[in-house]
>>> print(open('run.pdb').read())   # PDB, C-alpha atoms (C1' of nucleotides)
MODEL        1
ATOM      1  CA  MET A   1      10.084  12.374  -7.359  1.00  0.00           C
ATOM      2  CA  GLU A   2       6.598  12.961  -8.702  1.00  0.00           C
ATOM      3  CA  ARG A   3       3.447  12.080  -6.753  1.00  0.00           C
ATOM      4  CA  ILE A   4       2.841   8.294  -6.575  1.00  0.00           C
ATOM      5  CA  ALA A   5      -0.013   6.314  -4.992  1.00  0.00           C
ATOM      6  CA  VAL A   6       1.365   3.218  -3.226  1.00  0.00           C
ATOM      7  CA  ILE A   7      -1.331   0.614  -2.668  1.00  0.00           C
ATOM      8  CA  ASP A   8      -1.680  -2.664  -0.812  1.00  0.00           C
ATOM      9  CA  PHE A   9      -4.585  -5.127  -0.721  1.00  0.00           C
ATOM     10  CA  GLU A  10      -5.341  -7.818   1.822  1.00  0.00           C
ATOM     11  CA  THR A  11      -7.475 -10.530   0.229  1.00  0.00           C
ATOM     12  CA  THR A  12      -8.960 -13.960   0.899  1.00  0.00           C
ATOM     13  CA  GLY A  13      -6.574 -15.650  -1.549  1.00  0.00           C
ATOM     14  CA  ILE A  14      -4.179 -15.321  -4.408  1.00  0.00           C
ATOM     15  CA  SER A  15      -6.307 -14.766  -7.500  1.00  0.00           C
ATOM     16  CA  PRO A  16      -9.538 -12.758  -7.716  1.00  0.00           C
ATOM     17  CA  SER A  17     -12.807 -14.634  -8.355  1.00  0.00           C
ATOM     18  CA  SER A  18     -16.363 -14.772  -7.011  1.00  0.00           C
ATOM     19  CA  SER A  19     -15.017 -16.445  -3.862  1.00  0.00           C
ATOM     20  CA  CYS A  20     -11.636 -14.708  -3.676  1.00  0.00           C
ATOM     21  CA  ARG A  21     -11.988 -11.024  -2.913  1.00  0.00           C
ATOM     22  CA  ALA A  22     -10.281  -8.082  -1.295  1.00  0.00           C
ATOM     23  CA  THR A  23     -10.775  -7.625   2.467  1.00  0.00           C
ATOM     24  CA  GLU A  24      -8.767  -4.449   3.059  1.00  0.00           C
ATOM     25  CA  ILE A  25      -7.051  -1.730   1.046  1.00  0.00           C
ATOM     26  CA  ALA A  26      -4.613   0.989   1.967  1.00  0.00           C
ATOM     27  CA  VAL A  27      -3.185   3.756  -0.219  1.00  0.00           C
ATOM     28  CA  VAL A  28      -0.480   6.222   0.737  1.00  0.00           C
ATOM     29  CA  ILE A  29       0.436   9.187  -1.424  1.00  0.00           C
ATOM     30  CA  LEU A  30       4.173   9.656  -1.745  1.00  0.00           C
ATOM     31  CA  GLU A  31       5.381  13.140  -2.660  1.00  0.00           C
ATOM     32  CA  GLN A  32       9.052  14.190  -2.726  1.00  0.00           C
ATOM     33  CA  GLY A  33       9.881  10.974  -0.855  1.00  0.00           C
ATOM     34  CA  ARG A  34       7.393  11.666   1.947  1.00  0.00           C
ATOM     35  CA  ILE A  35       3.984  10.194   2.761  1.00  0.00           C
ATOM     36  CA  VAL A  36       1.584  13.138   2.584  1.00  0.00           C
ATOM     37  CA  GLU A  37      -1.872  11.458   2.497  1.00  0.00           C
ATOM     38  CA  ARG A  38      -3.380   8.131   3.558  1.00  0.00           C
ATOM     39  CA  TYR A  39      -6.525   6.081   2.866  1.00  0.00           C
ATOM     40  CA  GLN A  40      -7.308   2.769   4.565  1.00  0.00           C
ATOM     41  CA  SER A  41     -10.445   0.666   4.961  1.00  0.00           C
ATOM     42  CA  LEU A  42     -11.583  -2.871   5.574  1.00  0.00           C
ATOM     43  CA  MET A  43     -14.122  -3.940   2.943  1.00  0.00           C
ATOM     44  CA  ASN A  44     -16.967  -6.435   3.104  1.00  0.00           C
ATOM     45  CA  ALA A  45     -17.277  -8.333  -0.181  1.00  0.00           C
ATOM     46  CA  GLY A  46     -19.588 -10.982   1.306  1.00  0.00           C
ATOM     47  CA  VAL A  47     -17.066 -13.824   1.189  1.00  0.00           C
ATOM     48  CA  ARG A  48     -15.686 -15.971   4.005  1.00  0.00           C
ATOM     49  CA  VAL A  49     -12.120 -15.455   5.218  1.00  0.00           C
ATOM     50  CA  PRO A  50     -10.325 -18.839   5.303  1.00  0.00           C
ATOM     51  CA  GLY A  51      -8.697 -19.748   8.614  1.00  0.00           C
ATOM     52  CA  PHE A  52      -5.128 -19.532   7.384  1.00  0.00           C
ATOM     53  CA  ILE A  53      -5.770 -16.064   5.911  1.00  0.00           C
ATOM     54  CA  GLU A  54      -7.187 -14.925   9.256  1.00  0.00           C
ATOM     55  CA  GLN A  55      -4.005 -16.280  10.888  1.00  0.00           C
ATOM     56  CA  LEU A  56      -1.849 -14.448   8.327  1.00  0.00           C
ATOM     57  CA  THR A  57      -3.559 -11.059   8.315  1.00  0.00           C
ATOM     58  CA  GLY A  58      -5.474 -10.926  11.582  1.00  0.00           C
ATOM     59  CA  ILE A  59      -8.557  -9.931   9.565  1.00  0.00           C
ATOM     60  CA  SER A  60     -11.528 -12.016  10.760  1.00  0.00           C
ATOM     61  CA  ASN A  61     -15.032 -12.684   9.464  1.00  0.00           C
ATOM     62  CA  ALA A  62     -16.373 -10.783  12.495  1.00  0.00           C
ATOM     63  CA  MET A  63     -14.311  -7.704  11.544  1.00  0.00           C
ATOM     64  CA  LEU A  64     -15.643  -7.787   7.973  1.00  0.00           C
ATOM     65  CA  ARG A  65     -19.292  -8.120   9.073  1.00  0.00           C
ATOM     66  CA  SER A  66     -19.185  -4.536  10.359  1.00  0.00           C
ATOM     67  CA  ALA A  67     -16.995  -3.232   7.488  1.00  0.00           C
ATOM     68  CA  PRO A  68     -18.410  -1.050   4.689  1.00  0.00           C
ATOM     69  CA  PRO A  69     -19.414  -2.790   1.422  1.00  0.00           C
ATOM     70  CA  ALA A  70     -16.592  -3.410  -1.073  1.00  0.00           C
ATOM     71  CA  GLU A  71     -18.376  -1.276  -3.696  1.00  0.00           C
ATOM     72  CA  GLN A  72     -18.490   1.739  -1.384  1.00  0.00           C
ATOM     73  CA  VAL A  73     -14.819   1.386  -0.453  1.00  0.00           C
ATOM     74  CA  MET A  74     -13.709   0.970  -4.071  1.00  0.00           C
ATOM     75  CA  ASN A  75     -15.647   4.076  -5.092  1.00  0.00           C
ATOM     76  CA  GLU A  76     -13.985   6.042  -2.292  1.00  0.00           C
ATOM     77  CA  VAL A  77     -10.476   4.778  -2.954  1.00  0.00           C
ATOM     78  CA  ASN A  78     -10.825   5.255  -6.708  1.00  0.00           C
ATOM     79  CA  GLU A  79     -11.823   8.854  -6.052  1.00  0.00           C
ATOM     80  CA  PHE A  80      -8.914   9.238  -3.607  1.00  0.00           C
ATOM     81  CA  VAL A  81      -6.334   7.927  -6.129  1.00  0.00           C
ATOM     82  CA  GLY A  82      -7.759   9.688  -9.197  1.00  0.00           C
ATOM     83  CA  THR A  83      -5.186   9.627 -11.988  1.00  0.00           C
ATOM     84  CA  THR A  84      -2.137   9.446  -9.674  1.00  0.00           C
ATOM     85  CA  PRO A  85       0.309   6.830 -10.992  1.00  0.00           C
ATOM     86  CA  LEU A  86       0.286   3.599  -8.969  1.00  0.00           C
ATOM     87  CA  LEU A  87       2.936   1.427  -7.337  1.00  0.00           C
ATOM     88  CA  ALA A  88       2.751  -1.796  -5.322  1.00  0.00           C
ATOM     89  CA  HIS A  89       5.109  -4.506  -4.063  1.00  0.00           C
ATOM     90  CA  ASN A  90       4.640  -7.356  -6.550  1.00  0.00           C
ATOM     91  CA  ALA A  91       2.309  -5.109  -8.525  1.00  0.00           C
ATOM     92  CA  ALA A  92       1.040  -7.984 -10.679  1.00  0.00           C
ATOM     93  CA  PHE A  93      -0.866  -9.191  -7.602  1.00  0.00           C
ATOM     94  CA  ASP A  94      -2.398  -5.863  -6.528  1.00  0.00           C
ATOM     95  CA  GLN A  95      -3.119  -4.889 -10.139  1.00  0.00           C
ATOM     96  CA  LYS A  96      -5.258  -8.036 -10.600  1.00  0.00           C
ATOM     97  CA  PHE A  97      -7.357  -7.168  -7.530  1.00  0.00           C
ATOM     98  CA  TRP A  98      -7.496  -3.427  -8.366  1.00  0.00           C
ATOM     99  CA  ASP A  99      -8.773  -4.187 -11.868  1.00  0.00           C
ATOM    100  CA  PHE A 100     -11.189  -6.875 -10.619  1.00  0.00           C
ATOM    101  CA  GLU A 101     -12.702  -4.761  -7.821  1.00  0.00           C
ATOM    102  CA  LEU A 102     -12.879  -1.661 -10.076  1.00  0.00           C
ATOM    103  CA  GLY A 103     -14.578  -3.754 -12.756  1.00  0.00           C
ATOM    104  CA  ARG A 104     -17.304  -4.655 -10.271  1.00  0.00           C
ATOM    105  CA  ILE A 105     -18.167  -0.949  -9.913  1.00  0.00           C
ATOM    106  CA  LYS A 106     -17.967  -0.447 -13.707  1.00  0.00           C
ATOM    107  CA  ARG A 107     -14.717   1.506 -13.610  1.00  0.00           C
ATOM    108  CA  THR A 108     -11.430   0.967 -15.406  1.00  0.00           C
ATOM    109  CA  ARG A 109      -7.886   1.745 -14.387  1.00  0.00           C
ATOM    110  CA  LEU A 110      -6.422   4.877 -15.972  1.00  0.00           C
ATOM    111  CA  GLN A 111      -2.761   4.562 -14.991  1.00  0.00           C
ATOM    112  CA  ASN A 112       0.146   2.108 -14.986  1.00  0.00           C
ATOM    113  CA  PHE A 113       1.562   0.247 -12.010  1.00  0.00           C
ATOM    114  CA  ALA A 114       5.214   0.430 -11.058  1.00  0.00           C
ATOM    115  CA  CYS A 115       6.530  -2.494  -8.992  1.00  0.00           C
ATOM    116  CA  SER A 116       8.877  -2.177  -6.004  1.00  0.00           C
ATOM    117  CA  LEU A 117       9.628  -5.919  -6.172  1.00  0.00           C
ATOM    118  CA  LEU A 118      10.994  -5.667  -9.726  1.00  0.00           C
ATOM    119  CA  LEU A 119      12.899  -2.472  -8.820  1.00  0.00           C
ATOM    120  CA  ALA A 120      14.391  -4.036  -5.674  1.00  0.00           C
ATOM    121  CA  ARG A 121      15.545  -7.125  -7.589  1.00  0.00           C
ATOM    122  CA  ARG A 122      17.524  -4.759  -9.822  1.00  0.00           C
ATOM    123  CA  LEU A 123      18.672  -2.185  -7.283  1.00  0.00           C
ATOM    124  CA  MET A 124      19.119  -4.375  -4.161  1.00  0.00           C
ATOM    125  CA  PRO A 125      20.601  -7.577  -5.622  1.00  0.00           C
ATOM    126  CA  ALA A 126      22.517  -8.293  -2.389  1.00  0.00           C
ATOM    127  CA  ALA A 127      19.358  -8.564  -0.242  1.00  0.00           C
ATOM    128  CA  PRO A 128      18.798 -12.068   1.210  1.00  0.00           C
ATOM    129  CA  ASN A 129      15.429 -12.155  -0.552  1.00  0.00           C
ATOM    130  CA  HIS A 130      12.994  -9.597  -1.937  1.00  0.00           C
ATOM    131  CA  LYS A 131      10.060  -9.948   0.452  1.00  0.00           C
ATOM    132  CA  LEU A 132       8.813  -6.562   1.618  1.00  0.00           C
ATOM    133  CA  GLY A 133       9.735  -7.130   5.285  1.00  0.00           C
ATOM    134  CA  THR A 134      13.214  -8.399   4.454  1.00  0.00           C
ATOM    135  CA  LEU A 135      13.952  -5.439   2.164  1.00  0.00           C
ATOM    136  CA  THR A 136      12.710  -3.030   4.850  1.00  0.00           C
ATOM    137  CA  SER A 137      15.106  -4.537   7.423  1.00  0.00           C
ATOM    138  CA  PHE A 138      17.974  -4.828   4.919  1.00  0.00           C
ATOM    139  CA  ALA A 139      17.661  -1.131   4.014  1.00  0.00           C
ATOM    140  CA  GLY A 140      17.406  -0.107   7.694  1.00  0.00           C
ATOM    141  CA  LEU A 141      13.926   1.339   7.206  1.00  0.00           C
ATOM    142  CA  PRO A 142      11.357   1.523  10.029  1.00  0.00           C
ATOM    143  CA  HIS A 143       8.842  -1.270  10.508  1.00  0.00           C
ATOM    144  CA  THR A 144       5.504   0.462  10.248  1.00  0.00           C
ATOM    145  CA  GLY A 145       3.124  -1.794  12.160  1.00  0.00           C
ATOM    146  CA  GLN A 146       1.618  -5.259  11.840  1.00  0.00           C
ATOM    147  CA  ALA A 147       2.900  -6.954   8.674  1.00  0.00           C
ATOM    148  CA  HIS A 148       0.139  -8.248   6.383  1.00  0.00           C
ATOM    149  CA  ARG A 149      -2.157  -5.376   7.274  1.00  0.00           C
ATOM    150  CA  ALA A 150      -2.758  -3.058   4.346  1.00  0.00           C
ATOM    151  CA  MET A 151      -1.589   0.254   5.838  1.00  0.00           C
ATOM    152  CA  ALA A 152       1.594  -1.170   7.383  1.00  0.00           C
ATOM    153  CA  ASP A 153       2.526  -2.863   4.106  1.00  0.00           C
ATOM    154  CA  ALA A 154       1.648   0.181   1.962  1.00  0.00           C
ATOM    155  CA  GLU A 155       3.814   2.383   4.200  1.00  0.00           C
ATOM    156  CA  MET A 156       6.695  -0.118   4.035  1.00  0.00           C
ATOM    157  CA  ALA A 157       6.471  -0.209   0.222  1.00  0.00           C
ATOM    158  CA  ALA A 158       6.359   3.604   0.110  1.00  0.00           C
ATOM    159  CA  ASN A 159       9.410   3.873   2.390  1.00  0.00           C
ATOM    160  CA  LEU A 160      11.198   1.317   0.218  1.00  0.00           C
ATOM    161  CA  VAL A 161      10.555   3.168  -3.043  1.00  0.00           C
ATOM    162  CA  ALA A 162      11.579   6.464  -1.418  1.00  0.00           C
ATOM    163  CA  HIS A 163      14.803   4.736  -0.307  1.00  0.00           C
ATOM    164  CA  LEU A 164      15.425   3.373  -3.826  1.00  0.00           C
ATOM    165  CA  ALA A 165      14.779   6.819  -5.329  1.00  0.00           C
ATOM    166  CA  GLY A 166      17.272   8.316  -2.847  1.00  0.00           C
ATOM    167  CA  GLU A 167      19.905   5.768  -3.888  1.00  0.00           C
ATOM    168  CA  LEU A 168      19.302   6.526  -7.565  1.00  0.00           C
ATOM    169  CA  ARG A 169      19.778  10.228  -6.870  1.00  0.00           C
ATOM    170  CA  HIS A 170      22.777  10.074  -4.552  1.00  0.00           C
ATOM    171  CA  LYS A 171      24.695   7.038  -5.793  1.00  0.00           C
ATOM    172  CA  HIS A 172      23.849   7.229  -9.471  1.00  0.00           C
ATOM    173  CA  GLY A 173      23.346  10.957  -9.993  1.00  0.00           C
ATOM    174  CA  LEU A 174      19.819  10.706 -11.404  1.00  0.00           C
ATOM    175  CA  ARG A 175      17.604  13.779 -11.078  1.00  0.00           C
ATOM    176  CA  GLU A 176      14.260  13.227 -12.838  1.00  0.00           C
ATOM    177  CA  LEU A 177      12.746  10.202 -11.114  1.00  0.00           C
ATOM    178  CA  SER A 178       9.355   9.990 -12.748  1.00  0.00           C
ATOM    179  CA  HIS A 179       6.913   7.094 -12.373  1.00  0.00           C
ATOM    180  CA  ASP A 180       7.444   6.479 -16.077  1.00  0.00           C
ATOM    181  CA  PHE A 181      11.199   6.175 -15.467  1.00  0.00           C
ATOM    182  CA  LEU A 182      10.590   3.579 -12.715  1.00  0.00           C
ATOM    183  CA  CYS A 183       8.248   1.609 -15.023  1.00  0.00           C
ATOM    184  CA  LYS A 184      10.974   1.493 -17.672  1.00  0.00           C
ATOM    185  CA  LEU A 185      13.760   0.710 -15.181  1.00  0.00           C
ATOM    186  CA  GLN A 186      11.872  -2.298 -13.790  1.00  0.00           C
ATOM    187  CA  LYS A 187      11.961  -3.879 -17.258  1.00  0.00           C
ATOM    188  CA  VAL A 188      15.699  -3.435 -17.893  1.00  0.00           C
ATOM    189  CA  PRO A 189      17.453  -6.819 -17.601  1.00  0.00           C
ATOM    190  CA  ALA A 190      19.240  -7.006 -14.222  1.00  0.00           C
ATOM    191  CA  ALA A 191      22.634  -7.625 -15.825  1.00  0.00           C
ATOM    192  CA  LYS A 192      22.348  -4.381 -17.792  1.00  0.00           C
ATOM    193  CA  ILE A 193      21.361  -2.166 -14.837  1.00  0.00           C
ATOM    194  CA  PRO A 194      24.846  -0.762 -14.007  1.00  0.00           C
ATOM    195  CA  GLU A 195      25.460   0.215 -17.627  1.00  0.00           C
ATOM    196  CA  HIS A 196      21.906   1.562 -17.962  1.00  0.00           C
ATOM    197  CA  LEU A 197      22.245   3.769 -14.841  1.00  0.00           C
ATOM    198  CA  LYS A 198      25.600   5.083 -16.053  1.00  0.00           C
ATOM    199  CA  ARG A 199      23.947   6.173 -19.317  1.00  0.00           C
ATOM    200  CA  GLN A 200      21.102   7.865 -17.401  1.00  0.00           C
ATOM    201  CA  ARG A 201      23.433   9.863 -15.130  1.00  0.00           C
ATOM    202  CA  GLY A 202      22.476  13.540 -14.991  1.00  0.00           C
ATOM    203  CA  PHE A 203      18.946  13.019 -16.311  1.00  0.00           C
TER     204      PHE A 203
ATOM    205  C1'  DT B 204     -15.200 -34.923  -8.397  1.00  0.00           C
ATOM    206  C1'  DG B 205     -11.177 -32.494  -8.342  1.00  0.00           C
ATOM    207  C1'  DC B 206      -8.864 -28.802  -9.424  1.00  0.00           C
ATOM    208  C1'  DC B 207      -7.854 -24.014  -8.841  1.00  0.00           C
ATOM    209  C1'  DA B 208      -2.372 -17.659 -10.446  1.00  0.00           C
ATOM    210  C1'  DG B 209       0.886 -15.949 -13.141  1.00  0.00           C
ATOM    211  C1'  DG B 210       4.722 -13.036 -14.473  1.00  0.00           C
ATOM    212  C1'  DC B 211       9.526 -12.751 -13.570  1.00  0.00           C
ATOM    213  C1'  DC B 212      13.994 -14.758 -13.545  1.00  0.00           C
ATOM    214  C1'  DC B 213      17.698 -18.124 -13.245  1.00  0.00           C
ATOM    215  C1'  DT B 214      19.917 -22.163 -15.139  1.00  0.00           C
ATOM    216  C1'  DC B 215      22.172 -28.237 -15.065  1.00  0.00           C
ATOM    217  C1'  DT B 216      17.862 -23.238 -20.728  1.00  0.00           C
ATOM    218  C1'  DT B 217      15.729 -21.766 -25.204  1.00  0.00           C
ATOM    219  C1'  DT B 218      11.588 -28.220 -27.987  1.00  0.00           C
ATOM    220  C1'  DA B 219      11.942 -26.588 -19.842  1.00  0.00           C
ATOM    221  C1'  DG B 220      11.543 -26.590 -15.142  1.00  0.00           C
ATOM    222  C1'  DG B 221      11.234 -24.617 -10.863  1.00  0.00           C
ATOM    223  C1'  DG B 222      11.759 -20.930  -7.201  1.00  0.00           C
ATOM    224  C1'  DC B 223      10.248 -16.326  -6.006  1.00  0.00           C
ATOM    225  C1'  DC B 224       6.613 -13.049  -4.539  1.00  0.00           C
ATOM    226  C1'  DT B 225       1.908 -11.399  -3.448  1.00  0.00           C
ATOM    227  C1'  DT B 226      -2.816 -13.329   0.082  1.00  0.00           C
TER     228       DT B 226
ENDMDL
END
>>> encode(input="run.pdb", output="structure tokens")
Amino acid sequence: MERIAVIDFETTGISPSSSCRATEIAVVILEQGRIVERYQSLMNAGVRVPGFIEQLTGISNAMLRSAPPAEQVMNEVNEFVGTTPLLAHNAAFDQKFWDFELGRIKRTRLQNFACSLLLARRLMPAAPNHKLGTLTSFAGLPHTGQAHRAMADAEMAANLVAHLAGELRHKHGLRELSHDFLCKLQKVPAAKIPEHLKRQRGF
DNA sequence: TGCCAGGCCCTCTTTAGGGCCTT
């Protein structure tokens, strides 16, 4: 599988705004199914972390006071990712924050996002639910650290997509697993997936 | 003052509603 940048944000809420910002980002580079590079940083965007978010993530206002400014972190991580295609679990969420935080440093996204949530709904229909932690356990993948911290979640999503790619290769006989292929696969209606994969066999 | 996401996906659907998933 081609090189993919798997990203995960921790934030102060669900939708980016002047008061809802990113607090942490992690990116892992997946190459041939293995994590080969990592970037992780807390980021201080000058907003308060609500109590329930601190409970959820363990990221406190005190931790962010000594963190580098959001602009500095976004410049670094944007440089780190470059034009590598992106993937996240529930990518609609991370894409909103990626675009918002990049916009604040006058940059625009150059690549598409693939989504491990949409892929897992199609390729792991028997899972009890499609939360990242549940899918990790269901697939027998290692738990990578504290859930709801950016690096642990990015690594879990990377392990999950590597697992899904392995299944596509071994169970369905697919060879060329490009990011573009994953982006297309995640839009195929779930009911048509078996027939779709049969048609793709050998490609 | 009070409110505050949104795309996907299923079904008791399509002139709609509600759960899932991310923090």
>>> interface_residues(input="run.pdb", of="chain B", to="chain A", cutoff="10 Å", atoms="all atoms listed in the file", output="ChimeraX atom specification")
/B:207-212,223-226
>>> resolve_selection(input="run.pdb", expression="the PyMOL selection byres ((chain A and resi 79-82) around 9)", output="PyMOL selection string")
chain A and resi 5+27+29+39+74-78+83-86+110
>>> closest_residue(input="run.pdb", among="A:Cys183, A:Ile7, A:Met124, A:Val36", to="Asn112 in chain A", atoms="only C-alpha atoms")
A:Cys183
>>> axis_aligned_box(input="run.pdb", around="range 127-144 of chain A", padding_each_side="4 Å", output="JSON")
{"center_x": 12.4, "center_y": -5.3, "center_z": 4.3, "size_x": 21.9, "size_y": 21.7, "size_z": 20.4}
>>> resolve_selection(input="run.pdb", expression="the PyMOL selection byres ((chain A and resi 160) around 12)", output="short mmCIF file (atom, residue, chain, number, x, y, z; two decimals) with C-alpha atoms, keeping the file's coordinate frame")
data_model
loop_
_atom_site.label_atom_id
_atom_site.label_comp_id
_atom_site.auth_asym_id
_atom_site.auth_seq_id
_atom_site.Cartn_x
_atom_site.Cartn_y
_atom_site.Cartn_z
CA VAL A 6 1.36 3.22 -3.23
CA LEU A 30 4.17 9.66 -1.74
CA GLY A 33 9.88 10.97 -0.86
CA ARG A 34 7.39 11.67 1.95
CA ILE A 35 3.98 10.19 2.76
CA LEU A 87 2.94 1.43 -7.34
CA ALA A 88 2.75 -1.80 -5.32
CA HIS A 89 5.11 -4.51 -4.06
CA CYS A 115 6.53 -2.49 -8.99
CA SER A 116 8.88 -2.18 -6.00
CA LEU A 117 9.63 -5.92 -6.17
CA LEU A 119 12.90 -2.47 -8.82
CA ALA A 120 14.39 -4.04 -5.67
CA LEU A 123 18.67 -2.18 -7.28
CA MET A 124 19.12 -4.38 -4.16
CA HIS A 130 12.99 -9.60 -1.94
CA LYS A 131 10.06 -9.95 0.45
CA LEU A 132 8.81 -6.56 1.62
CA GLY A 133 9.74 -7.13 5.28
CA THR A 134 13.21 -8.40 4.45
CA LEU A 135 13.95 -5.44 2.16
CA THR A 136 12.71 -3.03 4.85
CA SER A 137 15.11 -4.54 7.42
CA PHE A 138 17.97 -4.83 4.92
CA ALA A 139 17.66 -1.13 4.01
CA GLY A 140 17.41 -0.11 7.69
CA LEU A 141 13.93 1.34 7.21
CA PRO A 142 11.36 1.52 10.03
CA HIS A 143 8.84 -1.27 10.51
CA THR A 144 5.50 0.46 10.25
CA ASP A 153 2.53 -2.86 4.11
CA ALA A 154 1.65 0.18 1.96
CA GLU A 155 3.81 2.38 4.20
CA MET A 156 6.70 -0.12 4.04
CA ALA A 157 6.47 -0.21 0.22
CA ALA A 158 6.36 3.60 0.11
CA ASN A 159 9.41 3.87 2.39
CA VAL A 161 10.56 3.17 -3.04
CA ALA A 162 11.58 6.46 -1.42
CA HIS A 163 14.80 4.74 -0.31
CA LEU A 164 15.42 3.37 -3.83
CA ALA A 165 14.78 6.82 -5.33
CA GLY A 166 17.27 8.32 -2.85
CA GLU A 167 19.90 5.77 -3.89
#
>>> atom_distance(input="run.pdb", atom1="CA of Ile59 in chain A", atom2="CA of Thr23 in chain A")
7.8 Å
>>> resolve_selection(input="run.pdb", expression="the PyMOL selection byres ((chain A and resi 2) around 10)", output="MDAnalysis selection string")
chainID A and resid 1 3:4 30:33 84:85 176:180
>>> atom_distance(input="run.pdb", atom1="CA of Arg65 in chain A", atom2="CA of Val47 in chain A")
10.0 Å
>>> atom_distance(input="run.pdb", atom1="CA of Leu168 in chain A", atom2="CA of Gln111 in chain A")
23.4 Å
>>> closest_residue(input="run.pdb", among="A:Arg122, A:Arg169, A:Leu102, A:Phe97", to="Ala191 in chain A", atoms="all atoms listed in the file")
A:Arg122
